[in-house]
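One file, structure-v3.cif, is given below (mmCIF, C-alpha atoms).
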data_final
loop_
_atom_site.label_atom_id
_atom_site.label_comp_id
_atom_site.auth_asym_id
_atom_site.auth_seq_id
_atom_site.Cartn_x
_atom_site.Cartn_y
_atom_site.Cartn_z
CA MET A 2 -29.78 63.47 -31.43
CA LYS A 3 -27.39 66.05 -32.89
CA ILE A 4 -27.53 69.63 -31.74
CA LEU A 5 -25.91 72.91 -32.66
CA SER A 6 -25.05 75.10 -29.70
CA LEU A 7 -24.02 78.73 -29.70
CA ASP A 8 -23.01 81.20 -26.99
CA SER A 9 -22.22 84.87 -27.58
CA ALA A 10 -23.21 86.23 -24.17
CA THR A 11 -19.65 87.13 -23.22
CA GLU A 12 -16.43 87.98 -25.02
CA SER A 13 -16.28 84.33 -26.04
CA ALA A 14 -17.84 83.57 -29.43
CA THR A 15 -18.32 79.83 -29.35
CA CYS A 16 -20.30 77.21 -31.25
CA ALA A 17 -20.33 73.43 -31.14
CA ILE A 18 -22.03 70.40 -32.64
CA LEU A 19 -22.62 67.51 -30.27
CA ASP A 20 -24.63 64.35 -29.99
CA ASP A 21 -25.70 62.27 -26.97
CA LYS A 22 -22.26 60.77 -26.55
CA ARG A 23 -19.66 63.27 -27.65
CA ILE A 24 -18.65 66.63 -28.96
CA LEU A 25 -18.22 66.40 -32.73
CA GLY A 26 -16.70 69.82 -33.14
CA GLU A 27 -16.29 73.11 -31.38
CA ILE A 28 -14.88 76.50 -32.37
CA THR A 29 -14.22 79.23 -29.82
CA PHE A 30 -12.76 82.69 -30.15
CA ASN A 31 -12.20 84.43 -26.85
CA TYR A 32 -10.78 87.60 -28.26
CA LYS A 33 -12.50 90.97 -28.70
CA LYS A 34 -16.23 90.91 -29.21
CA GLN A 35 -16.89 90.60 -32.91
CA HIS A 36 -19.75 88.15 -32.70
CA SER A 37 -21.84 89.50 -35.54
CA VAL A 38 -18.83 89.10 -37.85
CA VAL A 39 -17.49 85.70 -36.82
CA LEU A 40 -20.47 83.59 -35.74
CA MET A 41 -21.96 82.63 -39.09
CA PRO A 42 -18.57 81.74 -40.66
CA MET A 43 -17.82 79.66 -37.54
CA ILE A 44 -21.04 77.69 -37.93
CA ASP A 45 -20.30 77.21 -41.63
CA GLU A 46 -16.79 75.99 -40.78
CA LEU A 47 -18.16 73.49 -38.27
CA PHE A 48 -20.50 72.02 -40.87
CA ASN A 49 -17.80 71.91 -43.54
CA ASN A 50 -15.29 70.16 -41.33
CA THR A 51 -17.73 67.62 -39.92
CA GLY A 52 -19.24 66.88 -43.33
CA MET A 53 -22.66 67.79 -42.03
CA ASN A 54 -25.22 70.36 -42.98
CA ILE A 55 -28.04 72.13 -41.21
CA ASP A 56 -30.50 69.32 -42.02
CA ASP A 57 -28.48 66.89 -39.88
CA ILE A 58 -29.22 68.99 -36.79
CA ASP A 59 -32.12 67.90 -34.58
CA GLY A 60 -32.17 70.88 -32.25
CA PHE A 61 -30.46 74.08 -31.17
CA VAL A 62 -29.17 75.61 -27.96
CA ALA A 63 -28.60 79.31 -27.30
CA SER A 64 -27.47 81.28 -24.27
CA LYS A 65 -30.26 83.20 -22.57
CA GLY A 66 -27.87 85.32 -20.54
CA PRO A 67 -27.29 87.23 -18.44
CA GLY A 68 -24.45 88.82 -20.33
CA SER A 69 -23.69 91.35 -23.04
CA PHE A 70 -27.01 92.80 -24.26
CA THR A 71 -25.84 92.96 -27.85
CA GLY A 72 -24.22 89.53 -27.65
CA LEU A 73 -27.38 87.95 -26.28
CA ARG A 74 -29.49 89.42 -29.06
CA ILE A 75 -27.07 88.22 -31.74
CA GLY A 76 -26.99 84.69 -30.32
CA MET A 77 -30.70 84.33 -29.75
CA ALA A 78 -31.66 85.86 -33.10
CA THR A 79 -29.29 83.48 -34.88
CA ILE A 80 -30.58 80.37 -33.10
CA LYS A 81 -34.23 81.41 -33.40
CA GLY A 82 -33.73 81.97 -37.11
CA LEU A 83 -32.09 78.58 -37.62
CA SER A 84 -34.76 76.90 -35.49
CA GLN A 85 -37.63 78.50 -37.34
CA GLY A 86 -36.10 77.86 -40.75
CA THR A 87 -35.42 74.18 -40.10
CA LYS A 88 -38.55 73.62 -37.98
CA LYS A 89 -36.38 72.01 -35.30
CA PRO A 90 -36.70 72.85 -31.59
CA PHE A 91 -34.41 75.09 -29.59
CA VAL A 92 -33.81 75.62 -25.91
CA THR A 93 -31.99 78.37 -24.00
CA ILE A 94 -29.58 77.88 -21.12
CA SER A 95 -27.90 80.50 -18.95
CA THR A 96 -24.22 81.07 -19.59
CA LEU A 97 -23.84 81.09 -15.79
CA ASP A 98 -25.09 77.47 -15.78
CA SER A 99 -22.66 76.47 -18.50
CA LEU A 100 -19.71 78.16 -16.77
CA ALA A 101 -20.56 76.33 -13.54
CA TYR A 102 -20.80 73.11 -15.56
CA ASN A 103 -17.22 73.72 -16.75
CA LEU A 104 -16.25 72.92 -13.15
CA ALA A 105 -18.17 69.64 -12.95
CA TYR A 106 -17.51 67.49 -9.86
CA THR A 107 -16.13 70.37 -7.83
CA SER A 108 -16.92 69.98 -4.15
CA GLY A 109 -18.07 73.19 -2.47
CA ILE A 110 -19.71 76.19 -4.07
CA ILE A 111 -19.19 77.07 -7.71
CA CYS A 112 -19.63 80.77 -8.32
CA PRO A 113 -19.54 81.96 -11.94
CA ILE A 114 -19.04 85.72 -12.21
CA LEU A 115 -19.45 87.80 -15.35
CA ASP A 116 -18.38 91.42 -15.49
CA ALA A 117 -21.59 93.51 -15.52
CA LEU A 118 -19.60 96.82 -15.46
CA ARG A 119 -19.69 99.61 -12.84
CA ASP A 120 -18.29 97.15 -10.27
CA ASN A 121 -21.20 94.75 -10.70
CA VAL A 122 -21.26 91.08 -11.61
CA TYR A 123 -23.82 88.70 -13.03
CA THR A 124 -23.66 85.68 -10.81
CA ALA A 125 -25.41 82.70 -9.23
CA LEU A 126 -24.33 79.94 -6.84
CA TYR A 127 -24.12 76.23 -7.71
CA THR A 128 -23.20 72.90 -6.20
CA PHE A 129 -22.63 69.47 -7.66
CA ASP A 130 -24.72 66.68 -6.23
CA ASN A 131 -24.56 63.13 -7.62
CA SER A 132 -23.16 64.48 -10.89
CA GLU A 133 -26.09 66.87 -11.18
CA LEU A 134 -25.51 70.62 -11.37
CA ILE A 135 -27.78 72.33 -8.83
CA ARG A 136 -28.34 76.08 -8.83
CA THR A 137 -28.83 77.25 -5.23
CA SER A 138 -29.55 80.95 -5.81
CA ASP A 139 -31.35 83.24 -8.24
CA TYR A 140 -29.50 84.78 -11.13
CA MET A 141 -28.24 88.05 -9.71
CA ASN A 142 -26.82 91.38 -10.82
CA ILE A 143 -25.04 92.61 -7.70
CA SER A 144 -21.95 94.59 -6.79
CA ILE A 145 -18.80 92.60 -6.20
CA ASP A 146 -18.84 93.82 -2.58
CA GLU A 147 -22.36 92.49 -2.03
CA LEU A 148 -21.24 89.15 -3.43
CA ILE A 149 -18.21 89.08 -1.15
CA ASN A 150 -20.42 89.78 1.88
CA MET A 151 -22.81 87.03 0.84
CA LEU A 152 -19.98 84.52 0.43
CA LYS A 153 -18.31 85.39 3.73
CA GLU A 154 -21.15 83.59 5.49
CA LYS A 155 -20.50 80.32 3.65
CA ASN A 156 -18.28 77.82 5.37
CA CYS A 157 -16.94 75.85 2.45
CA ASN A 158 -14.62 76.07 -0.51
CA ILE A 159 -15.72 78.46 -3.24
CA PHE A 160 -14.51 78.25 -6.83
CA PHE A 161 -14.84 81.15 -9.24
CA VAL A 162 -15.16 80.94 -13.00
CA GLY A 163 -16.01 83.49 -15.70
CA ASP A 164 -14.64 86.76 -17.09
CA GLY A 165 -15.31 88.57 -13.80
CA THR A 166 -12.31 86.72 -12.36
CA PHE A 167 -9.96 88.77 -14.55
CA LYS A 168 -11.13 92.00 -12.99
CA PHE A 169 -11.90 90.91 -9.43
CA LYS A 170 -9.45 88.11 -8.58
CA GLU A 171 -7.31 90.25 -6.25
CA ARG A 172 -10.34 91.70 -4.50
CA LEU A 173 -11.82 88.24 -3.95
CA MET A 174 -8.50 86.85 -2.70
CA SER A 175 -7.97 89.63 -0.19
CA ASN A 176 -11.51 89.38 1.21
CA LEU A 177 -12.29 85.66 1.20
CA THR A 178 -10.53 82.50 2.34
CA ASP A 179 -10.69 78.95 0.93
CA ILE A 180 -11.31 80.08 -2.62
CA GLY A 181 -10.01 78.89 -5.97
CA PHE A 182 -10.16 79.96 -9.60
CA ALA A 183 -10.84 78.00 -12.75
CA PRO A 184 -7.76 77.25 -14.89
CA ALA A 185 -7.65 79.21 -18.15
CA HIS A 186 -8.82 76.31 -20.32
CA LEU A 187 -12.05 76.10 -18.31
CA ASN A 188 -12.40 79.80 -17.62
CA LEU A 189 -14.47 80.79 -20.62
CA ALA A 190 -17.95 80.21 -21.98
CA LYS A 191 -17.95 77.07 -24.13
CA ALA A 192 -20.73 76.09 -26.49
CA SER A 193 -20.00 72.43 -25.69
CA SER A 194 -20.80 72.98 -22.02
CA LEU A 195 -23.93 74.99 -22.84
CA GLY A 196 -24.88 72.43 -25.48
CA GLU A 197 -24.60 69.45 -23.15
CA LEU A 198 -26.97 71.10 -20.66
CA GLY A 199 -29.34 72.00 -23.49
CA LEU A 200 -29.21 68.52 -24.99
CA LYS A 201 -30.39 67.04 -21.69
CA LEU A 202 -33.50 69.23 -21.90
CA LEU A 203 -34.17 68.74 -25.61
CA SER A 204 -33.91 64.97 -25.28
CA LYS A 205 -36.62 65.14 -22.58
CA GLY A 206 -38.77 67.14 -24.98
CA ILE A 207 -38.25 70.41 -23.15
CA GLU A 208 -37.97 73.33 -25.55
CA ASP A 209 -38.40 77.11 -25.71
CA ASP A 210 -41.22 78.85 -27.51
CA ILE A 211 -39.89 80.96 -30.37
CA TYR A 212 -42.12 83.93 -29.58
CA GLY A 213 -42.02 83.69 -25.80
CA SER A 214 -38.31 83.11 -25.31
CA VAL A 215 -36.38 86.28 -24.42
CA PRO A 216 -32.92 86.86 -22.96
CA ILE A 217 -32.39 87.54 -19.27
CA TYR A 218 -30.97 91.05 -19.40
CA LEU A 219 -30.91 91.27 -15.60
CA ARG A 220 -30.64 94.96 -14.91
CA LYS A 221 -30.61 96.34 -11.43
CA PRO A 222 -34.10 97.27 -10.22
CA GLN A 223 -34.81 100.89 -11.07
CA ALA A 224 -35.49 101.81 -7.45
CA GLU A 225 -32.04 100.58 -6.55
CA ARG A 226 -30.40 102.54 -9.34
CA GLU A 227 -32.23 105.70 -8.32
CA TYR A 228 -31.14 105.20 -4.73
CA GLU A 229 -27.51 104.77 -5.83
CA GLU A 230 -27.80 107.91 -7.95
CA LYS A 231 -29.14 109.84 -4.98
CA MET A 232 -26.27 108.60 -2.83
CA ARG A 233 -23.83 109.60 -5.53
CA GLN A 234 -25.27 113.12 -5.70
CA ASP A 235 -25.24 113.45 -1.92
CA ASN A 236 -21.56 112.50 -1.94
CA ASP A 237 -20.78 115.06 -4.61
CA GLU A 238 -22.32 117.87 -2.62
CA MET B 9 -10.62 125.81 -20.48
CA GLU B 10 -12.63 128.01 -22.83
CA LEU B 11 -12.32 128.88 -26.49
CA ILE B 12 -14.28 131.49 -28.44
CA VAL B 13 -15.10 130.71 -32.05
CA THR B 14 -16.57 133.03 -34.63
CA ALA B 15 -17.61 130.55 -37.31
CA VAL B 16 -18.78 126.96 -37.61
CA GLU B 17 -15.55 126.09 -39.46
CA GLU B 18 -13.65 126.88 -36.28
CA THR B 19 -15.91 124.58 -34.24
CA TYR B 20 -15.17 121.83 -36.77
CA LYS B 21 -11.43 122.60 -36.55
CA ILE B 22 -11.45 122.27 -32.76
CA GLY B 23 -13.16 118.91 -33.18
CA GLU B 24 -10.53 117.82 -35.66
CA LEU B 25 -7.68 118.80 -33.30
CA LEU B 26 -9.45 116.97 -30.47
CA GLY B 27 -10.01 113.88 -32.62
CA ALA B 28 -6.28 113.65 -33.26
CA LEU B 29 -5.61 113.62 -29.49
CA VAL B 30 -8.34 111.37 -28.04
CA ASN B 31 -7.48 107.98 -26.60
CA SER B 32 -9.19 104.62 -26.44
CA GLY B 33 -12.01 104.64 -23.86
CA ASP B 34 -12.49 108.42 -23.80
CA ILE B 35 -16.06 109.61 -23.16
CA ILE B 36 -16.91 113.01 -24.61
CA CYS B 37 -20.19 114.65 -23.56
CA LEU B 38 -21.46 117.42 -25.85
CA ILE B 39 -23.90 119.83 -24.29
CA GLY B 40 -25.53 122.81 -25.95
CA ASP B 41 -28.84 124.07 -27.34
CA LEU B 42 -30.15 123.16 -30.78
CA GLY B 43 -28.06 124.81 -33.48
CA THR B 44 -24.98 125.52 -31.38
CA GLY B 45 -22.79 123.16 -33.39
CA LYS B 46 -22.57 119.93 -31.39
CA THR B 47 -22.80 117.76 -34.48
CA HIS B 48 -20.22 119.94 -36.29
CA LEU B 49 -17.85 119.38 -33.40
CA ALA B 50 -18.58 115.64 -33.55
CA LYS B 51 -17.89 115.63 -37.29
CA GLY B 52 -14.56 117.32 -36.62
CA ILE B 53 -13.65 114.72 -33.99
CA ALA B 54 -14.45 111.95 -36.47
CA LYS B 55 -12.27 113.63 -39.08
CA GLY B 56 -9.44 113.93 -36.53
CA LEU B 57 -9.82 110.20 -35.85
CA GLY B 58 -9.24 109.55 -39.54
CA ILE B 59 -12.85 108.54 -40.22
CA GLU B 60 -13.79 109.27 -43.83
CA ASP B 61 -17.46 108.19 -43.61
CA HIS B 62 -20.11 110.85 -43.89
CA ILE B 63 -21.14 111.61 -40.31
CA THR B 64 -24.83 112.19 -39.72
CA SER B 65 -26.55 113.01 -36.47
CA PRO B 66 -27.79 109.76 -34.89
CA THR B 67 -30.95 111.46 -33.61
CA PHE B 68 -33.14 108.62 -34.83
CA THR B 69 -30.73 105.70 -34.54
CA ILE B 70 -29.47 106.80 -31.06
CA VAL B 71 -25.98 105.52 -31.86
CA ASN B 72 -23.82 105.28 -34.99
CA GLU B 73 -20.58 103.33 -35.02
CA TYR B 74 -17.51 104.20 -37.06
CA THR B 75 -13.96 102.93 -37.35
CA GLY B 76 -10.91 105.12 -37.87
CA ARG B 77 -7.67 105.32 -35.90
CA LEU B 78 -9.94 104.12 -33.07
CA LYS B 79 -13.54 102.97 -33.00
CA LEU B 80 -16.06 105.76 -32.49
CA ASN B 81 -19.55 105.52 -30.99
CA HIS B 82 -21.57 108.63 -31.75
CA PHE B 83 -24.67 108.96 -29.57
CA ASP B 84 -27.46 111.49 -29.73
CA VAL B 85 -29.83 111.00 -26.81
CA TYR B 86 -32.11 113.97 -27.59
CA ARG B 87 -35.04 111.67 -28.28
CA VAL B 88 -34.51 109.49 -25.23
CA ASN B 89 -37.34 110.03 -22.77
CA ASP B 90 -35.96 107.95 -19.96
CA PRO B 91 -32.37 106.88 -19.14
CA ASP B 92 -33.78 103.33 -18.90
CA GLU B 93 -34.32 103.32 -22.65
CA ILE B 94 -30.70 104.03 -23.44
CA GLU B 95 -29.47 101.59 -20.84
CA ALA B 96 -31.52 98.87 -22.53
CA ILE B 97 -29.57 99.18 -25.77
CA GLY B 98 -26.45 98.12 -23.89
CA PHE B 99 -25.13 101.63 -23.26
CA ASP B 100 -22.58 100.48 -20.69
CA GLU B 101 -21.05 98.02 -23.14
CA TYR B 102 -20.50 100.87 -25.58
CA ILE B 103 -19.03 103.44 -23.21
CA PHE B 104 -16.87 101.04 -21.19
CA SER B 105 -15.30 99.60 -24.33
CA ASP B 106 -12.04 100.47 -26.06
CA ALA B 107 -13.86 102.85 -28.42
CA VAL B 108 -14.16 106.63 -28.12
CA SER B 109 -17.72 107.70 -27.28
CA ILE B 110 -19.32 111.02 -28.14
CA ILE B 111 -22.65 111.66 -26.44
CA GLU B 112 -24.71 114.60 -27.65
CA TRP B 113 -27.24 115.89 -25.08
CA ALA B 114 -25.46 113.88 -22.38
CA ASN B 115 -27.21 116.09 -19.78
CA PHE B 116 -30.41 114.12 -20.54
CA ILE B 117 -28.89 110.92 -19.18
CA GLU B 118 -26.68 112.38 -16.46
CA GLU B 119 -27.11 109.41 -14.14
CA LEU B 120 -25.53 107.05 -16.68
CA ILE B 121 -22.47 109.18 -17.41
CA PRO B 122 -19.36 108.01 -15.55
CA GLN B 123 -17.21 110.48 -13.62
CA GLY B 124 -14.24 110.04 -15.94
CA ASN B 125 -15.71 112.04 -18.81
CA LEU B 126 -14.81 115.14 -20.79
CA THR B 127 -17.75 117.55 -20.94
CA ILE B 128 -17.77 120.11 -23.73
CA THR B 129 -20.40 122.84 -23.44
CA ILE B 130 -21.20 125.07 -26.41
CA GLU B 131 -23.02 128.34 -25.80
CA LYS B 132 -24.20 131.00 -28.22
CA LEU B 133 -22.76 134.47 -27.72
CA SER B 134 -25.68 136.22 -29.39
CA GLU B 135 -24.59 139.65 -28.14
CA LEU B 136 -21.46 139.38 -30.35
CA SER B 137 -22.93 137.76 -33.47
CA ASP B 138 -25.11 134.90 -34.64
CA ASN B 139 -22.01 132.79 -35.22
CA HIS B 140 -20.06 133.42 -32.03
CA ARG B 141 -19.81 130.48 -29.65
CA LYS B 142 -18.12 129.86 -26.34
CA ILE B 143 -16.78 126.29 -26.12
CA SER B 144 -15.92 125.19 -22.56
CA PHE B 145 -14.05 122.02 -21.59
CA GLN B 146 -14.57 120.42 -18.17
CA TYR B 147 -12.99 117.28 -16.77
CA THR B 148 -11.65 115.94 -13.50
CA ASP B 149 -9.74 112.94 -14.88
CA SER B 150 -6.14 113.80 -15.84
CA ARG B 151 -6.46 111.52 -18.89
CA TYR B 152 -7.97 114.54 -20.64
CA ASN B 153 -5.03 116.88 -19.97
CA TYR B 154 -4.30 116.80 -23.70
CA ILE B 155 -7.07 119.40 -24.02
CA LYS B 156 -4.45 122.02 -23.18
CA GLU B 157 -2.76 121.32 -26.51
CA ILE B 158 -5.80 122.54 -28.47
CA LYS B 159 -5.24 126.00 -29.91
CA LEU B 160 -7.04 127.70 -32.74
#
Mind turning the file's structure into structure tokens?
Amino acid sequence: MKILSLDSATESATCAILDDKRILGEITFNYKKQHSVVLMPMIDELFNNTGMNIDDIDGFVASKGPGSFTGLRIGMATIKGLSQGTKKPFVTISTLDSLAYNLAYTSGIICPILDALRDNVYTALYTFDNSELIRTSDYMNISIDELINMLKEKNCNIFFVGDGTFKFKERLMSNLTDIGFAPAHLNLAKASSLGELGLKLLSKGIEDDIYGSVPIYLRKPQAEREYEEKMRQDNDE
Amino acid sequence: MELIVTAVEETYKIGELLGALVNSGDIICLIGDLGTGKTHLAKGIAKGLGIEDHITSPTFTIVNEYTGRLKLNHFDVYRVNDPDEIEAIGFDEYIFSDAVSIIEWANFIEELIPQGNLTITIEKLSELSDNHRKISFQYTDSRYNYIKEIKL
């Protein structure tokens, strides 16, 4: 089974072709969001350089977020279009899952963090058990301070991965002990990582429904935002 | 700071001077009643940024994007009923980017506007003439100190 995988949920624009055994090709640009401009040429380039075309692909994988709203829409629309046009299945995987999977075989907690702006992160907690990636929390949109408080209660090593590390590394280091950070070559969303997780599902016959599948935008609950706004106004007065 | 203008051309000129001074990441809120000249000011800013495209009010599209010396996001949130709507288009990604953002009717989405903004209020001075306007600049972040360089 050959699949085409694509992730544009973060600054990283990345696509890959892989089969059950290996990655046949991958292109990643982790420089300034310009997904709508670069993604299609990247896919074209992958096909040209692997001597394949769209008909050789048996299924597709897209990121379902959380992440950049615009990026998610570009990625999902592209994959849905390719899936519908070729009548081949697609499945969506969270970029948080794929970032955690970048740190396969880590012992302790893996904590991907994506910058959700205004001091918030998109995050979830993971562990590796018998070479299986296990998510142990919900997908969350929480402030970096809330995350730090949550992690203070854990008594094990914690490894961070994702673009949130660029902004919050110092804050995490000064508030938490026994933590580590992904090396640069693993610290970005990779379509190969997303694709491998998606391939496992597609090969079991698990797929998304083209009309039902929507990105996880993961905004803070409105009540919470209103409360924060009230607090902000009270502070101003 | 306040400036008094007597014609729409002067509003445009102030925009143009401002557009030449703005920096990456600046957030400019334009507040004023219908017909006070917010869009004229925005057009001037675009011109000052070296944008040659024809600038139209994004009342129906919510946001228009342009590229000049810097990228420009031009918002008009007049038609937005609920701040939630504008947040759902990925508002934060626009305003916390390296582009300059202009937000007309920013007072409608006050809760989404970060502290580090430049607010420009345009008021009619009807007692003087139909074309007189008072343009006031308010900011707390020193990044906008360049405002002092604007003189008609």
Discussion item. Applying 9 Å and only C-alpha atoms, which residues near Thr19 (chain B) remain after dropping the ones on its own chain fewer than 6 positions away? List them as a count of residues only.
Written reply: 8
Chain B residues within 12 Å of chain A, counting all atoms listed in the file: which ones, as an mmCIF file with C-alpha atoms, in the frame of the given file?
data_model
loop_
_atom_site.group_PDB
_atom_site.id
_atom_site.type_symbol
_atom_site.label_atom_id
_atom_site.label_comp_id
_atom_site.auth_asym_id
_atom_site.auth_seq_id
_atom_site.Cartn_x
_atom_site.Cartn_y
_atom_site.Cartn_z
ATOM 1 C CA ASP B 90 -35.960 107.950 -19.960
ATOM 2 C CA PRO B 91 -32.370 106.880 -19.140
ATOM 3 C CA ASP B 92 -33.780 103.330 -18.900
ATOM 4 C CA GLU B 93 -34.320 103.320 -22.650
ATOM 5 C CA ILE B 94 -30.700 104.030 -23.440
ATOM 6 C CA GLU B 95 -29.470 101.590 -20.840
ATOM 7 C CA ALA B 96 -31.520 98.870 -22.530
ATOM 8 C CA ILE B 97 -29.570 99.180 -25.770
ATOM 9 C CA GLY B 98 -26.450 98.120 -23.890
ATOM 10 C CA PHE B 99 -25.130 101.630 -23.260
ATOM 11 C CA ASP B 100 -22.580 100.480 -20.690
ATOM 12 C CA GLU B 101 -21.050 98.020 -23.140
ATOM 13 C CA TYR B 102 -20.500 100.870 -25.580
ATOM 14 C CA ILE B 103 -19.030 103.440 -23.210
ATOM 15 C CA PHE B 104 -16.870 101.040 -21.190
ATOM 16 C CA SER B 105 -15.300 99.600 -24.330
ATOM 17 C CA ASP B 106 -12.040 100.470 -26.060
ATOM 18 C CA ALA B 107 -13.860 102.850 -28.420
ATOM 19 C CA ILE B 117 -28.890 110.920 -19.180
ATOM 20 C CA GLU B 118 -26.680 112.380 -16.460
ATOM 21 C CA GLU B 119 -27.110 109.410 -14.140
ATOM 22 C CA LEU B 120 -25.530 107.050 -16.680
ATOM 23 C CA ILE B 121 -22.470 109.180 -17.410
ATOM 24 C CA PRO B 122 -19.360 108.010 -15.550
ATOM 25 C CA GLN B 123 -17.210 110.480 -13.620
#
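Of the residues under consideration (B:Leu160, B:Val16, B:Val30, B:Leu11), B:Val30 shows the shortest atom-to-atom contact distance to Ile53 (chain B) when counting all atoms listed in the file.
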Rows by chain and residue number, region 67-165 of chain A within 8 Å of region 191-201 of chain A, shortest pair, only C-alpha atoms, as JSON lines:
{"residue": "A:Val92", "atom": "CA", "partner": "A:Gly199", "partner_atom": "CA", "distance": 6.2}
{"residue": "A:Thr93", "atom": "CA", "partner": "A:Gly199", "partner_atom": "CA", "distance": 6.9}
{"residue": "A:Ile94", "atom": "CA", "partner": "A:Gly199", "partner_atom": "CA", "distance": 6.3}
{"residue": "A:Ser95", "atom": "CA", "partner": "A:Leu195", "partner_atom": "CA", "distance": 7.8}
{"residue": "A:Thr96", "atom": "CA", "partner": "A:Leu195", "partner_atom": "CA", "distance": 6.9}
{"residue": "A:Asp98", "atom": "CA", "partner": "A:Leu195", "partner_atom": "CA", "distance": 7.6}
{"residue": "A:Ser99", "atom": "CA", "partner": "A:Leu195", "partner_atom": "CA", "distance": 4.8}
{"residue": "A:Leu100", "atom": "CA", "partner": "A:Ser194", "partner_atom": "CA", "distance": 7.5}
{"residue": "A:Tyr102", "atom": "CA", "partner": "A:Ser194", "partner_atom": "CA", "distance": 6.5}
{"residue": "A:Asn103", "atom": "CA", "partner": "A:Ser194", "partner_atom": "CA", "distance": 6.4}
Worksheet item: How many Å lie between CA of Lys168 (chain A) and CA of Phe30 (chain A), rounded to one decimal?
Response: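 Interatomic distance here is 19.6 Å.
Atom to atom, CA of Gln35 (chain A) and CA of Phe161 (chain A) stand 25.6 Å apart.
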Where is the centre and how long are the edges: axis-aligned box on region 18-26 of chain B, 8 Å on each side, Å to one decimal, as lines of an AutoDock Vina configuration file:
center_x = -11.8
center_y = 121.9
center_z = -33.6
size_x = 24.2
size_y = 25.9
size_z = 22.3
Response to the item:
Restricting to all atoms listed in the file, whichever of B:Ile36, B:Ala50, B:Met9, B:Leu133 is closest to Thr64 (chain B) is B:Ala50
Practice prompt. Give as a list in words each residue that has an atom at most 7 Å from (-22.0, 67.9, -35.2) in the file, counting all atoms listed in the file.
Written response: Lys3, Ile4, Leu5, Ile18, Leu19, Asp20, Leu25, Gly26, Thr51 and Met53 of chain A
May I have the selected residues written with C-alpha atoms, as a tab-separated table (two decimals), in the coordinates of the input?
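Output (part_36.tsv):
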chain	number	residue	atom	x	y	z
A	3	LYS	CA	-27.39	66.05	-32.89
A	4	ILE	CA	-27.53	69.63	-31.74
A	5	LEU	CA	-25.91	72.91	-32.66
A	18	ILE	CA	-22.03	70.40	-32.64
A	19	LEU	CA	-22.62	67.51	-30.27
A	20	ASP	CA	-24.63	64.35	-29.99
A	25	LEU	CA	-18.22	66.40	-32.73
A	26	GLY	CA	-16.70	69.82	-33.14
A	51	THR	CA	-17.73	67.62	-39.92
A	53	MET	CA	-22.66	67.79	-42.03
Worksheet entry | Counting all atoms listed in the file, the option among B:Val71, B:Ile35, B:Leu78, B:Leu57 closest to Asp149 (chain B) | B:Ile35
Discussion item. Rounded to one decimal, what separation in Å do you get between CA of His82 (chain B) and CA of Ile110 (chain B)?
Written reply: 4.9 Å
Discussion item. List the spatial neighbours of Lys79 (chain B) as a ChimeraX atom specification - criterion: any atom at most 9 Å away, all atoms listed in the file, same-chain residues fewer than 2 positions off excluded.
Written reply: /B:32,57,73-77,81,106-109
Worksheet item: Quick one: which residues end up in the PyMOL selection byres ((chain A and resi 44) around 10) for this structure, as a PyMOL selection string?
Response: chain A and resi 5-7+15-18+27-28+39-43+45-49+54-55
Next, write the just-selected residues to a file, as a PDB file, in the frame of the given file, keeping C-alpha atoms as the atom set.
ATOM      1  CA  LEU A   5     -25.910  72.910 -32.660  1.00  0.00           C
ATOM      2  CA  SER A   6     -25.050  75.100 -29.700  1.00  0.00           C
ATOM      3  CA  LEU A   7     -24.020  78.730 -29.700  1.00  0.00           C
ATOM      4  CA  THR A  15     -18.320  79.830 -29.350  1.00  0.00           C
ATOM      5  CA  CYS A  16     -20.300  77.210 -31.250  1.00  0.00           C
ATOM      6  CA  ALA A  17     -20.330  73.430 -31.140  1.00  0.00           C
ATOM      7  CA  ILE A  18     -22.030  70.400 -32.640  1.00  0.00           C
ATOM      8  CA  GLU A  27     -16.290  73.110 -31.380  1.00  0.00           C
ATOM      9  CA  ILE A  28     -14.880  76.500 -32.370  1.00  0.00           C
ATOM     10  CA  VAL A  39     -17.490  85.700 -36.820  1.00  0.00           C
ATOM     11  CA  LEU A  40     -20.470  83.590 -35.740  1.00  0.00           C
ATOM     12  CA  MET A  41     -21.960  82.630 -39.090  1.00  0.00           C
ATOM     13  CA  PRO A  42     -18.570  81.740 -40.660  1.00  0.00           C
ATOM     14  CA  MET A  43     -17.820  79.660 -37.540  1.00  0.00           C
ATOM     15  CA  ASP A  45     -20.300  77.210 -41.630  1.00  0.00           C
ATOM     16  CA  GLU A  46     -16.790  75.990 -40.780  1.00  0.00           C
ATOM     17  CA  LEU A  47     -18.160  73.490 -38.270  1.00  0.00           C
ATOM     18  CA  PHE A  48     -20.500  72.020 -40.870  1.00  0.00           C
ATOM     19  CA  ASN A  49     -17.800  71.910 -43.540  1.00  0.00           C
ATOM     20  CA  ASN A  54     -25.220  70.360 -42.980  1.00  0.00           C
ATOM     21  CA  ILE A  55     -28.040  72.130 -41.210  1.00  0.00           C
TER      22      ILE A  55
END
Worksheet item: In terms of the shortest atom-to-atom distance over only C-alpha atoms, which of B:Ile155, B:Ile39, B:Ile70, B:Ala15 is closest to Asp84 (chain B)?
Response: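 Smallest distance to Asp84 (chain B) is found for B:Ile70.
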Item to complete: Would you write out, as a PyMOL selection string, every residue that the PyMOL selection byres ((chain A and resi 209) around 12) captures in this file?
Response: chain A and resi 60-65+77+80-81+84-85+89-94+199+202-203+206-208+210-216
Item to complete: Considering only C-alpha atoms, state which residue in the set B:Phe83, B:Ile111, B:His62, B:Thr14 is at the smallest distance from Ser134 (chain B).
Response: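 Looking at the shortest contact to Ser134 (chain B), the residue is B:Thr14.
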